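To be precise, the following lines are run-v3.csv, and they hold CSV, C-alpha atoms and all ligand atoms.
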```csv
chain,number,residue,atom,x,y,z
A,5,MET,CA,19.8,15.8,153.1
A,6,GLN,CA,22.7,16.2,150.7
A,7,PRO,CA,22.0,14.5,147.3
A,8,LYS,CA,24.2,11.5,146.5
A,9,LYS,CA,27.1,12.4,144.1
A,10,ALA,CA,27.8,10.4,140.9
A,11,LEU,CA,30.7,10.7,138.5
A,12,VAL,CA,30.0,9.7,134.9
A,13,CYS,CA,33.1,9.2,132.8
A,14,GLY,CA,32.3,9.2,129.1
A,15,ALA,CA,29.3,11.5,129.8
A,16,GLY,CA,29.6,13.1,126.3
A,17,GLY,CA,29.0,9.7,124.7
A,18,PHE,CA,25.9,7.8,123.8
A,19,ILE,CA,25.2,5.7,126.9
A,20,GLY,CA,26.9,8.2,129.3
A,21,SER,CA,24.7,11.1,128.3
A,22,HIS,CA,21.5,9.0,128.8
A,23,LEU,CA,22.8,7.7,132.1
A,24,VAL,CA,23.4,11.3,133.3
A,25,LYS,CA,19.7,12.1,132.5
A,26,ARG,CA,18.6,9.0,134.5
A,27,LEU,CA,20.8,9.8,137.5
A,28,LYS,CA,19.5,13.4,137.5
A,29,SER,CA,15.9,12.2,137.4
A,30,GLU,CA,16.7,10.1,140.5
A,31,GLY,CA,18.0,13.2,142.4
A,32,PHE,CA,21.8,12.6,142.1
A,33,TRP,CA,24.3,15.5,141.9
A,34,VAL,CA,26.2,14.5,138.7
A,35,ARG,CA,29.6,15.4,137.3
A,36,GLY,CA,30.1,14.3,133.7
A,37,VAL,CA,33.6,14.1,132.2
A,38,ASP,CA,34.5,13.6,128.6
A,39,LEU,CA,36.8,14.8,125.8
A,40,LYS,CA,33.7,16.5,124.3
A,41,ASN,CA,30.2,17.6,125.0
A,42,PRO,CA,27.4,15.3,124.0
A,43,ASP,CA,26.9,15.5,120.3
A,44,PHE,CA,23.1,16.0,120.1
A,45,SER,CA,21.8,17.8,123.2
A,46,PRO,CA,23.3,19.6,126.2
A,47,SER,CA,24.4,17.4,129.1
A,48,ALA,CA,22.0,17.2,132.0
A,49,ALA,CA,25.0,17.1,134.4
A,50,ASP,CA,25.4,19.6,137.2
A,51,SER,CA,29.1,19.9,136.4
A,52,PHE,CA,30.6,18.9,133.0
A,53,VAL,CA,34.3,18.7,132.7
A,54,ILE,CA,36.1,18.5,129.4
A,55,ALA,CA,39.2,16.4,130.2
A,56,ASP,CA,41.4,13.7,128.9
A,57,LEU,CA,41.0,10.7,131.3
A,58,ARG,CA,44.2,9.1,130.0
A,59,LEU,CA,46.1,11.8,132.0
A,60,LEU,CA,46.6,11.3,135.7
A,61,SER,CA,46.5,15.1,136.2
A,62,SER,CA,42.8,15.1,135.0
A,63,TRP,CA,41.8,12.8,137.8
A,64,GLU,CA,43.1,14.9,140.6
A,65,SER,CA,40.8,17.8,139.7
A,66,ILE,CA,37.8,15.6,138.8
A,67,LEU,CA,37.9,13.8,142.1
A,68,ASP,CA,38.0,17.0,144.2
A,69,THR,CA,34.8,16.0,145.9
A,70,GLN,CA,33.6,12.8,147.5
A,71,PHE,CA,31.6,10.6,145.1
A,72,ASP,CA,29.2,7.9,146.2
A,73,GLU,CA,29.2,6.3,142.7
A,74,ALA,CA,31.3,6.4,139.6
A,75,TYR,CA,30.3,5.1,136.2
A,76,GLN,CA,33.3,4.4,133.9
A,77,LEU,CA,32.0,4.4,130.3
A,78,ALA,CA,34.8,6.3,128.6
A,79,ALA,CA,36.5,4.2,125.9
A,80,ASP,CA,38.1,4.5,122.5
A,81,MET,CA,35.5,2.6,120.6
A,82,GLY,CA,33.1,2.4,117.7
A,83,GLY,CA,31.1,-0.1,115.6
A,84,ALA,CA,32.5,-3.0,113.5
A,85,GLY,CA,34.0,-0.6,111.0
A,86,TYR,CA,36.2,0.9,113.8
A,87,ILE,CA,36.9,-2.1,116.0
A,88,PHE,CA,37.5,-4.9,113.4
A,89,SER,CA,39.5,-3.1,110.7
A,90,GLY,CA,42.7,-3.4,112.8
A,91,GLU,CA,43.7,0.2,112.0
A,92,HIS,CA,42.8,1.4,115.5
A,93,ASP,CA,44.0,-1.5,117.6
A,94,ALA,CA,46.9,0.3,119.4
A,95,ASN,CA,44.8,3.3,120.3
A,96,VAL,CA,41.9,1.2,121.4
A,97,MET,CA,44.0,-0.8,123.8
A,98,HIS,CA,46.2,2.0,125.1
A,99,ASN,CA,43.7,4.7,125.5
A,100,SER,CA,41.0,2.6,127.2
A,101,ALA,CA,43.5,0.8,129.4
A,102,MET,CA,45.0,4.1,130.6
A,103,ILE,CA,41.6,5.4,131.5
A,104,ASN,CA,40.7,2.2,133.5
A,105,LEU,CA,44.0,2.1,135.3
A,106,HIS,CA,43.5,5.6,136.5
A,107,MET,CA,39.8,5.1,137.4
A,108,ALA,CA,40.7,2.0,139.6
A,109,ASP,CA,43.7,3.6,141.3
A,110,CYS,CA,42.3,7.1,141.8
A,111,GLY,CA,39.0,5.7,142.8
A,112,VAL,CA,40.6,3.9,145.7
A,113,LYS,CA,42.8,6.9,146.6
A,114,HIS,CA,39.9,9.3,146.6
A,115,GLY,CA,37.5,7.1,148.4
A,116,VAL,CA,34.9,6.6,145.6
A,117,LYS,CA,32.5,4.2,147.2
A,118,LYS,CA,31.3,2.2,144.1
A,119,VAL,CA,32.5,2.0,140.6
A,120,PHE,CA,30.5,0.7,137.6
A,121,TYR,CA,32.6,-0.6,134.6
A,122,SER,CA,31.1,-1.1,131.2
A,123,SER,CA,32.6,-4.2,129.6
A,124,SER,CA,31.4,-5.6,126.4
A,125,ALA,CA,30.1,-8.9,124.8
A,126,CYS,CA,33.2,-8.5,122.6
A,127,MET,CA,35.2,-10.2,125.4
A,128,TYR,CA,33.5,-13.6,124.8
A,129,PRO,CA,35.6,-16.2,123.0
A,130,ALA,CA,35.3,-16.2,119.2
A,131,TYR,CA,35.2,-20.0,119.2
A,132,ASN,CA,31.8,-20.0,120.9
A,133,GLN,CA,30.3,-17.6,118.4
A,134,THR,CA,30.8,-19.4,115.1
A,135,ASP,CA,27.3,-20.9,114.8
A,136,PRO,CA,24.9,-18.0,114.0
A,137,ASN,CA,22.0,-20.0,115.5
A,138,ASN,CA,23.6,-21.1,118.7
A,139,PRO,CA,26.1,-18.6,120.1
A,140,LYS,CA,27.3,-19.2,123.6
A,141,CYS,CA,27.5,-16.0,125.7
A,142,ALA,CA,26.8,-17.1,129.3
A,143,GLU,CA,29.0,-15.3,131.7
A,144,GLU,CA,30.9,-18.4,132.7
A,145,THR,CA,32.0,-19.2,129.1
A,146,ALA,CA,34.5,-16.3,129.1
A,147,TYR,CA,37.5,-18.6,129.6
A,148,PRO,CA,39.7,-19.9,128.0
A,149,ALA,CA,39.7,-16.4,126.6
A,150,GLU,CA,39.8,-15.7,122.9
A,151,PRO,CA,38.1,-12.4,122.1
A,152,ASP,CA,37.9,-11.6,118.4
A,153,SER,CA,39.3,-8.1,118.7
A,154,GLU,CA,41.9,-6.1,120.7
A,155,TYR,CA,38.9,-4.1,122.0
A,156,GLY,CA,37.6,-7.3,123.6
A,157,TRP,CA,41.0,-8.1,125.1
A,158,GLU,CA,41.2,-4.7,126.7
A,159,LYS,CA,37.7,-5.1,128.1
A,160,LEU,CA,38.7,-8.5,129.6
A,161,PHE,CA,41.9,-7.0,131.1
A,162,SER,CA,39.9,-4.1,132.7
A,163,GLU,CA,37.2,-6.4,134.1
A,164,ARG,CA,40.0,-8.3,135.9
A,165,LEU,CA,41.6,-5.0,136.9
A,166,TYR,CA,38.5,-3.8,138.7
A,167,PHE,CA,37.9,-7.1,140.4
A,168,ALA,CA,41.6,-7.2,141.5
A,169,PHE,CA,41.2,-3.7,143.1
A,170,THR,CA,38.0,-5.0,144.7
A,171,ARG,CA,39.9,-7.9,146.2
A,172,ASN,CA,43.0,-6.1,147.3
A,173,TYR,CA,42.0,-2.5,147.9
A,174,GLY,CA,38.3,-2.7,148.9
A,175,LEU,CA,37.0,-1.0,145.8
A,176,ASP,CA,33.3,-2.0,145.3
A,177,ALA,CA,33.4,-2.5,141.5
A,178,ARG,CA,30.4,-3.7,139.4
A,179,VAL,CA,30.9,-5.0,135.9
A,180,ALA,CA,28.4,-5.4,133.1
A,181,ARG,CA,29.0,-6.8,129.6
A,182,PHE,CA,26.9,-4.7,127.2
A,183,HIS,CA,25.5,-6.4,124.1
A,184,ASN,CA,24.9,-3.8,121.3
A,185,ILE,CA,23.1,-0.9,122.9
A,186,PHE,CA,21.2,1.4,120.5
A,187,GLY,CA,18.7,4.3,120.5
A,188,PRO,CA,18.3,8.0,119.8
A,189,GLU,CA,21.3,10.3,120.2
A,190,GLY,CA,23.7,7.5,119.4
A,191,THR,CA,26.3,7.9,116.7
A,192,TRP,CA,24.6,7.4,113.3
A,193,THR,CA,27.1,8.5,110.8
A,194,GLY,CA,30.9,9.1,110.4
A,195,GLY,CA,32.3,5.5,110.7
A,196,LYS,CA,31.8,4.8,114.4
A,197,GLU,CA,28.1,4.0,114.2
A,198,LYS,CA,26.8,0.5,115.0
A,199,ALA,CA,24.5,-1.7,112.9
A,200,PRO,CA,21.0,-0.5,114.0
A,201,ALA,CA,21.9,3.2,113.5
A,202,ALA,CA,23.7,2.5,110.2
A,203,MET,CA,20.7,0.5,109.0
A,204,CYS,CA,18.3,3.3,110.0
A,205,ARG,CA,20.5,5.9,108.2
A,206,LYS,CA,20.9,3.8,105.0
A,207,VAL,CA,17.1,3.2,104.8
A,208,ALA,CA,16.2,6.8,105.6
A,209,GLU,CA,18.7,8.1,102.9
A,210,GLN,CA,17.2,5.8,100.1
A,211,PRO,CA,14.2,6.6,98.0
A,212,GLU,CA,11.6,3.9,97.5
A,213,GLY,CA,13.0,1.2,95.2
A,214,GLY,CA,16.6,2.1,96.1
A,215,GLU,CA,19.3,-0.2,97.4
A,216,ILE,CA,21.2,-0.4,100.7
A,217,GLU,CA,24.6,-2.1,101.4
A,218,VAL,CA,25.0,-4.7,104.0
A,219,TRP,CA,28.4,-6.1,105.1
A,220,GLY,CA,28.8,-9.8,104.4
A,221,ASP,CA,25.9,-12.1,103.6
A,222,GLY,CA,23.8,-10.5,106.3
A,223,GLU,CA,23.1,-13.9,107.9
A,224,GLN,CA,25.4,-13.1,110.9
A,225,THR,CA,23.2,-12.8,114.1
A,226,ARG,CA,23.1,-10.2,116.8
A,227,SER,CA,20.8,-8.9,119.5
A,228,PHE,CA,20.2,-5.2,120.2
A,229,LEU,CA,19.1,-3.5,123.4
A,230,TYR,CA,17.3,-0.2,123.7
A,231,ILE,CA,19.2,2.4,125.7
A,232,ASP,CA,16.5,3.0,128.4
A,233,GLU,CA,16.5,-0.7,129.2
A,234,CYS,CA,20.3,-0.7,129.5
A,235,VAL,CA,20.3,2.2,131.9
A,236,GLU,CA,17.7,0.5,134.0
A,237,ALA,CA,19.8,-2.6,134.2
A,238,VAL,CA,22.9,-0.6,135.1
A,239,ARG,CA,21.1,1.1,138.0
A,240,ARG,CA,19.8,-2.2,139.3
A,241,LEU,CA,23.4,-3.6,139.3
A,242,MET,CA,24.7,-0.6,141.2
A,243,ASN,CA,21.8,-0.8,143.7
A,244,SER,CA,22.4,-4.5,144.4
A,245,GLU,CA,23.5,-5.3,147.9
A,246,THR,CA,25.8,-8.2,147.0
A,247,PHE,CA,25.9,-8.9,143.3
A,248,ARG,CA,28.8,-7.4,141.4
A,249,GLY,CA,28.8,-9.3,138.1
A,250,PRO,CA,30.3,-9.6,135.6
A,251,VAL,CA,26.8,-9.8,134.1
A,252,ASN,CA,25.4,-9.5,130.6
A,253,ILE,CA,23.2,-6.6,129.8
A,254,GLY,CA,21.6,-7.3,126.5
A,255,SER,CA,18.6,-8.6,124.7
A,256,GLU,CA,17.9,-12.2,123.9
A,257,GLU,CA,15.9,-11.3,120.8
A,258,MET,CA,18.4,-12.5,118.2
A,259,VAL,CA,18.1,-11.4,114.6
A,260,THR,CA,20.2,-11.7,111.5
A,261,ILE,CA,21.4,-8.4,110.0
A,262,ASN,CA,19.1,-9.1,107.0
A,263,GLN,CA,16.2,-9.3,109.4
A,264,LEU,CA,17.3,-6.1,111.0
A,265,ALA,CA,17.3,-4.5,107.6
A,266,SER,CA,13.8,-5.8,106.9
A,267,MET,CA,12.5,-4.5,110.2
A,268,VAL,CA,13.8,-1.0,109.5
A,269,MET,CA,12.3,-1.1,106.0
A,270,GLU,CA,9.0,-2.1,107.5
A,271,ILE,CA,9.1,0.9,109.9
A,272,ALA,CA,10.1,3.2,107.1
A,273,GLY,CA,7.4,1.8,104.8
A,274,LYS,CA,10.0,1.3,102.0
A,275,LYS,CA,10.9,-1.7,99.9
A,276,LEU,CA,14.6,-1.5,99.2
A,277,GLY,CA,17.1,-4.0,97.6
A,278,ILE,CA,20.1,-5.2,99.6
A,279,ARG,CA,23.5,-5.4,98.1
A,280,HIS,CA,25.9,-7.5,100.1
A,281,ILE,CA,29.5,-6.2,100.1
A,282,ASP,CA,32.7,-7.1,101.8
A,283,GLY,CA,33.2,-5.4,105.2
A,284,PRO,CA,34.4,-6.0,108.7
A,285,LEU,CA,32.1,-8.5,110.3
A,286,GLY,CA,33.1,-9.7,113.8
A,287,VAL,CA,31.8,-13.0,115.0
A,288,ARG,CA,29.2,-15.0,113.1
A,289,GLY,CA,26.7,-15.2,115.8
A,290,ARG,CA,26.1,-13.4,119.1
A,291,ASN,CA,23.2,-13.2,121.5
A,292,SER,CA,22.9,-12.2,125.1
A,293,ASP,CA,22.3,-14.9,127.7
A,294,ASN,CA,20.1,-13.3,130.4
A,295,ARG,CA,19.8,-16.1,132.9
A,296,LEU,CA,22.1,-14.6,135.4
A,297,ILE,CA,20.7,-11.1,135.3
A,298,ARG,CA,17.2,-12.4,135.6
A,299,GLU,CA,18.1,-14.5,138.6
A,300,GLN,CA,20.3,-11.9,140.4
A,301,LEU,CA,18.6,-8.6,139.5
A,302,GLY,CA,15.1,-9.6,138.3
A,303,TRP,CA,15.8,-7.7,135.1
A,304,SER,CA,14.8,-8.4,131.5
A,305,PRO,CA,14.0,-6.1,128.6
A,306,SER,CA,10.4,-4.7,128.9
A,307,ALA,CA,9.7,-4.2,125.2
A,308,PRO,CA,10.6,-5.9,121.9
A,309,LEU,CA,13.3,-4.8,119.5
A,310,MET,CA,10.8,-3.3,117.1
A,311,ASP,CA,9.7,-0.7,119.7
A,312,GLY,CA,13.2,0.7,120.2
A,313,LEU,CA,13.9,0.6,116.4
A,314,LYS,CA,10.8,2.7,115.7
A,315,LYS,CA,12.0,5.4,118.1
A,316,THR,CA,15.6,5.3,116.7
A,317,TYR,CA,14.4,5.4,113.1
A,318,THR,CA,12.3,8.4,113.8
A,319,TRP,CA,15.2,10.2,115.4
A,320,ILE,CA,17.7,9.3,112.6
A,321,GLN,CA,15.2,10.1,109.8
A,322,THR,CA,14.9,13.6,111.3
A,323,ASN,CA,18.7,14.0,111.3
A,324,VAL,CA,18.9,12.8,107.7
A,325,GLU,CA,16.3,15.3,106.7
A,326,LYS,CA,18.1,18.1,108.5
A,327,GLN,CA,21.4,17.2,106.7
A,328,ARG,CA,19.6,17.4,103.4
A,329,GLN,CA,18.1,20.8,104.0
A,330,PRO,CA,21.2,23.0,103.5
A,331,ALA,CA,22.0,21.3,100.2
A,332,ALA,CA,18.4,21.7,99.1
A,333,SER,CA,18.4,25.4,99.9
A,334,THR,CA,21.7,26.0,98.2
A,335,ALA,CA,20.4,24.3,95.1
A,336,SER,CA,17.3,26.5,95.1
A,337,VAL,CA,19.5,29.7,95.3
A,338,ARG,CA,21.4,28.5,92.3
B,401,LIG,P1,30.6,6.4,123.0
B,401,LIG,O1,31.8,6.3,122.1
B,401,LIG,O2,29.4,7.1,122.6
B,401,LIG,O3,31.1,7.0,124.4
B,401,LIG,C1,32.4,6.9,124.9
B,401,LIG,C2,32.9,8.3,125.3
B,401,LIG,O4,34.2,8.2,125.9
B,401,LIG,C3,33.0,9.2,124.1
B,401,LIG,O5,32.1,10.3,124.3
B,401,LIG,C4,34.4,9.6,124.1
B,401,LIG,O6,34.7,11.0,123.8
B,401,LIG,C5,34.8,9.3,125.6
B,401,LIG,N1,36.3,9.2,125.7
B,401,LIG,C6,37.1,8.5,124.9
B,401,LIG,N2,38.3,8.6,125.3
B,401,LIG,C7,38.3,9.5,126.3
B,401,LIG,C8,39.4,10.1,127.1
B,401,LIG,N3,40.6,9.9,126.9
B,401,LIG,N4,39.0,11.0,128.0
B,401,LIG,C9,37.7,11.3,128.2
B,401,LIG,N5,36.7,10.8,127.5
B,401,LIG,C10,37.0,9.9,126.6
B,401,LIG,O7,30.3,4.9,123.4
B,401,LIG,P2,29.0,4.3,124.1
B,401,LIG,O8,28.2,3.6,123.1
B,401,LIG,O9,28.3,5.3,124.9
B,401,LIG,O10,29.7,3.2,125.1
B,401,LIG,C11,29.9,3.5,126.5
B,401,LIG,C12,30.7,2.3,127.0
B,401,LIG,O11,30.0,1.1,126.9
B,401,LIG,C13,32.1,2.1,126.4
B,401,LIG,O12,33.0,1.7,127.4
B,401,LIG,C14,31.8,0.9,125.5
B,401,LIG,O13,33.0,0.2,125.2
B,401,LIG,C15,30.8,0.1,126.2
B,401,LIG,N6,30.0,-0.7,125.4
B,401,LIG,C16,29.1,-0.1,124.5
B,401,LIG,C17,28.3,-0.9,123.7
B,401,LIG,C18,27.3,-0.3,122.8
B,401,LIG,O14,26.6,-1.0,122.1
B,401,LIG,N7,27.1,1.0,122.7
B,401,LIG,C19,28.4,-2.3,123.7
B,401,LIG,C20,29.4,-2.8,124.5
B,401,LIG,C21,30.1,-2.0,125.4
```

As structure tokens - that is how I would like this structure written.
Amino acid sequence: MQPKKALVCGAGGFIGSHLVKRLKSEGFWVRGVDLKNPDFSPSAADSFVIADLRLLSSWESILDTQFDEAYQLAADMGGAGYIFSGEHDANVMHNSAMINLHMADCGVKHGVKKVFYSSSACMYPAYNQTDPNNPKCAEETAYPAEPDSEYGWEKLFSERLYFAFTRNYGLDARVARFHNIFGPEGTWTGGKEKAPAAMCRKVAEQPEGGEIEVWGDGEQTRSFLYIDECVEAVRRLMNSETFRGPVNIGSEEMVTINQLASMVMEIAGKKLGIRHIDGPLGVRGRNSDNRLIREQLGWSPSAPLMDGLKKTYTWIQTNVEKQRQPAASTASVR
């Protein structure tokens, strides 16, 4: 029997590269597409195409074979430092919308059977996320819409786009709203990294007794989901007979950023000071609400935040050490 074929857009990125591994382990033939190869290890895809998904011409060659499933993860995105500074708003909206417009339209024209779209918790209204202890992120609270970033508005537009194509053109689209996914082989430096990776890097870089910087007062709340858990939930959503979402994929283990810092310090076995500085913050409180996904897909995270943080810290610490080595050897030559 021929293996099922899956297309992964954004396969050079963090979640995409992990998803490719998972699909390969399930026996899929996988084509990955991205502007770049994965940053940290070779892609597990059978075919990896370097292409710009904003261009219609790219899609014609990518879709030259019949795909059973497509996963659209490509987006112009990054952590708070990228999304909330305002400097990248035009690119974030234009680049990601172009990719999604082509995915929906070309997906229908080329007979892609099912399409997964990765939306984000950033599409939830800012007015429901002002109380750090009681953020409201149930799926039905999305409207009236008031995302706190242009990134969130584009996600909301694209969610609606995929469901419009489902209604009018028979596309079988599935939509998940990811809440802060983290893990090894995620961006950990350079400005696009998210809070868990940034925290691991800052702690790994500091000697005992040193100090790390935290944006704001650190009392803003978030939840973080380990990558393997996310990929499992995505696969369940795609395998569902009837359920399309939109659905949250996240953790309900809410922590403040100060608590996140303490957890990482505990893993590292270091006591460090925290200096609170101005920085882009996003909403005051956010947590996943997993009632719908539990009910529809029987999914919830299988392990606590601490477990995933340990694996991520180990990976980032190794990278920090590697980065130090050339400098150390130059110093010794001198
Ligand atoms: P990522 O930035 O690591 O991956 C996105 C990939 O898209 C990158 O490799 C990038 O090169 C690629 N890309 C961007 N523009 C492209 C273009 N024009 N043509 C081809 N490829 C292009 O991000 P990620 O963390 O893996 O996130 C994947 C998806 O999940 C994104 O859509 C993101 O918005 C969404 N999401 C992620 C999180 C999270 O916590 N990681 C949370 C919410 C939503």

Taking only C-alpha atoms and all ligand atoms into account, report as a count of residues only which residues have an atom no farther than 7 Å from an atom of ligand LIG 401 (chain B).
-> 38

Separation of atom CA of Gly277 of chain A from atom CA of Met203 of chain A, in Å and rounded to one decimal |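 Result for atom CA of Gly277 of chain A versus atom CA of Met203 of chain A: 12.8 Å, one decimal.
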
Compile a residue-level contact table for segment 204-260 of chain A against segment 295-315 of chain A at a cut-off of 12 Å, reporting for every qualifying residue the shortest atom pair and its distance in Å to one decimal, with only C-alpha atoms counted, rows ordered by chain and ascending number, as a Markdown table.
```
| residue | atom | partner | partner_atom | distance |
| --- | --- | --- | --- | --- |
| A:Cys204 | CA | A:Leu313 | CA | 8.2 |
| A:Arg205 | CA | A:Leu313 | CA | 11.8 |
| A:Arg226 | CA | A:Leu309 | CA | 11.5 |
| A:Ser227 | CA | A:Leu309 | CA | 8.5 |
| A:Phe228 | CA | A:Leu309 | CA | 6.9 |
| A:Leu229 | CA | A:Leu309 | CA | 7.1 |
| A:Tyr230 | CA | A:Gly312 | CA | 5.5 |
| A:Ile231 | CA | A:Gly312 | CA | 8.3 |
| A:Asp232 | CA | A:Gly312 | CA | 9.1 |
| A:Glu233 | CA | A:Pro305 | CA | 6.0 |
| A:Cys234 | CA | A:Pro305 | CA | 8.3 |
| A:Val235 | CA | A:Pro305 | CA | 10.9 |
| A:Glu236 | CA | A:Trp303 | CA | 8.5 |
| A:Ala237 | CA | A:Trp303 | CA | 6.5 |
| A:Val238 | CA | A:Trp303 | CA | 10.0 |
| A:Arg239 | CA | A:Leu301 | CA | 10.1 |
| A:Arg240 | CA | A:Leu301 | CA | 6.5 |
| A:Leu241 | CA | A:Leu301 | CA | 6.9 |
| A:Met242 | CA | A:Leu301 | CA | 10.2 |
| A:Asn243 | CA | A:Leu301 | CA | 9.4 |
| A:Ser244 | CA | A:Leu301 | CA | 7.4 |
| A:Glu245 | CA | A:Leu301 | CA | 10.3 |
| A:Thr246 | CA | A:Gln300 | CA | 9.4 |
| A:Phe247 | CA | A:Gln300 | CA | 7.0 |
| A:Arg248 | CA | A:Gln300 | CA | 9.7 |
| A:Gly249 | CA | A:Ile297 | CA | 8.8 |
| A:Pro250 | CA | A:Leu296 | CA | 9.6 |
| A:Val251 | CA | A:Ile297 | CA | 6.4 |
| A:Asn252 | CA | A:Ile297 | CA | 6.8 |
| A:Ile253 | CA | A:Ile297 | CA | 7.5 |
| A:Gly254 | CA | A:Pro305 | CA | 8.0 |
| A:Ser255 | CA | A:Pro305 | CA | 6.5 |
| A:Glu256 | CA | A:Pro305 | CA | 8.6 |
| A:Glu257 | CA | A:Leu309 | CA | 7.1 |
| A:Met258 | CA | A:Leu309 | CA | 9.3 |
| A:Val259 | CA | A:Leu309 | CA | 9.5 |
```

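Of note, atom CA of Gly214 of chain A and atom CA of Gly85 of chain A are spaced 23.1 Å apart.
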
Rank nothing, just name the residue among A:Asp282, A:Glu91, A:Glu270, A:Glu163 nearest to Asp221 of chain A, using all atoms listed in the file.
->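 Distance minimum relative to Asp221 of chain A lands on A:Asp282.
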
Name the residues in contact with Val207 of chain A at a cut-off of 10 Å, using only C-alpha atoms, excluding same-chain residues fewer than 4 positions from it; report them as a PyMOL selection string.
-> chain A and resi 201-203+211-212+214-217+265-266+268-269+271-276+317+320-321

Would you kindly return, as JSON, numbers by chain, each protein, DNA or RNA residue with an atom no farther than 8 Å from any atom of Val116 of chain A, considering only C-alpha atoms and excluding same-chain residues fewer than 2 positions away?
-> {"A": [70, 71, 72, 73, 74, 111, 112, 113, 114, 118, 119, 175]}

How many Å lie between atom CA of Ala142 of chain A and atom CA of Asp293 of chain A, rounded to one decimal?
-> 5.3 Å

Per residue of segment 211-303 of chain A within 8 Å of segment 131-139 of chain A, record the nearest atom pair and its distance in Å to one decimal, counting all atoms listed in the file, with rows in chain order and ascending residue number, as a tab-separated table.
```
residue	atom	partner	partner_atom	distance
A:Glu223	CA	A:Pro136	CA	7.6
A:Gln224	CA	A:Pro136	CA	5.8
A:Thr225	CA	A:Pro136	CA	5.5
A:Val287	CA	A:Gln133	CA	5.9
A:Arg288	CA	A:Thr134	CA	5.1
A:Gly289	CA	A:Pro136	CA	3.8
A:Arg290	CA	A:Pro139	CA	5.3
A:Asn291	CA	A:Pro139	CA	6.3
```

In the coordinate frame of the file, compute which residues have an atom within 8 Å of (22.7, 9.9, 141.5) when using all atoms listed in the file, and state them as an mmCIF file with C-alpha atoms, keeping the file's coordinate frame.
```cif
data_model
loop_
_atom_site.group_PDB
_atom_site.id
_atom_site.type_symbol
_atom_site.label_atom_id
_atom_site.label_comp_id
_atom_site.auth_asym_id
_atom_site.auth_seq_id
_atom_site.Cartn_x
_atom_site.Cartn_y
_atom_site.Cartn_z
ATOM 1 C CA PRO A 7 22.000 14.500 147.300
ATOM 2 C CA LYS A 8 24.200 11.500 146.500
ATOM 3 C CA LYS A 9 27.100 12.400 144.100
ATOM 4 C CA ALA A 10 27.800 10.400 140.900
ATOM 5 C CA LEU A 27 20.800 9.800 137.500
ATOM 6 C CA LYS A 28 19.500 13.400 137.500
ATOM 7 C CA GLU A 30 16.700 10.100 140.500
ATOM 8 C CA GLY A 31 18.000 13.200 142.400
ATOM 9 C CA PHE A 32 21.800 12.600 142.100
ATOM 10 C CA TRP A 33 24.300 15.500 141.900
ATOM 11 C CA VAL A 34 26.200 14.500 138.700
ATOM 12 C CA GLU A 73 29.200 6.300 142.700
#
```

Could you give me the axis-aligned bounding box of segment 306-325 of chain A, with 6 Å of padding per side, as centre plus edge lengths in Å to one decimal, as AutoDock Vina command-line options?
```
--center_x 14.3 --center_y 4.7 --center_z 117.8 --size_x 21.2 --size_y 33.2 --size_z 34.2
```

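Considering all atoms listed in the file, the residue among A:Ser47, A:Ser89, A:Thr170, A:Thr145 positioned nearest to Lys196 of chain A is A:Ser89.
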
From the list A:Arg26, A:Lys326, A:Lys140, A:Arg178, which residue is nearest Ala108 of chain A when using all atoms listed in the file?
->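 Among the listed residues, the smallest separation from Ala108 of chain A belongs to A:Arg178.
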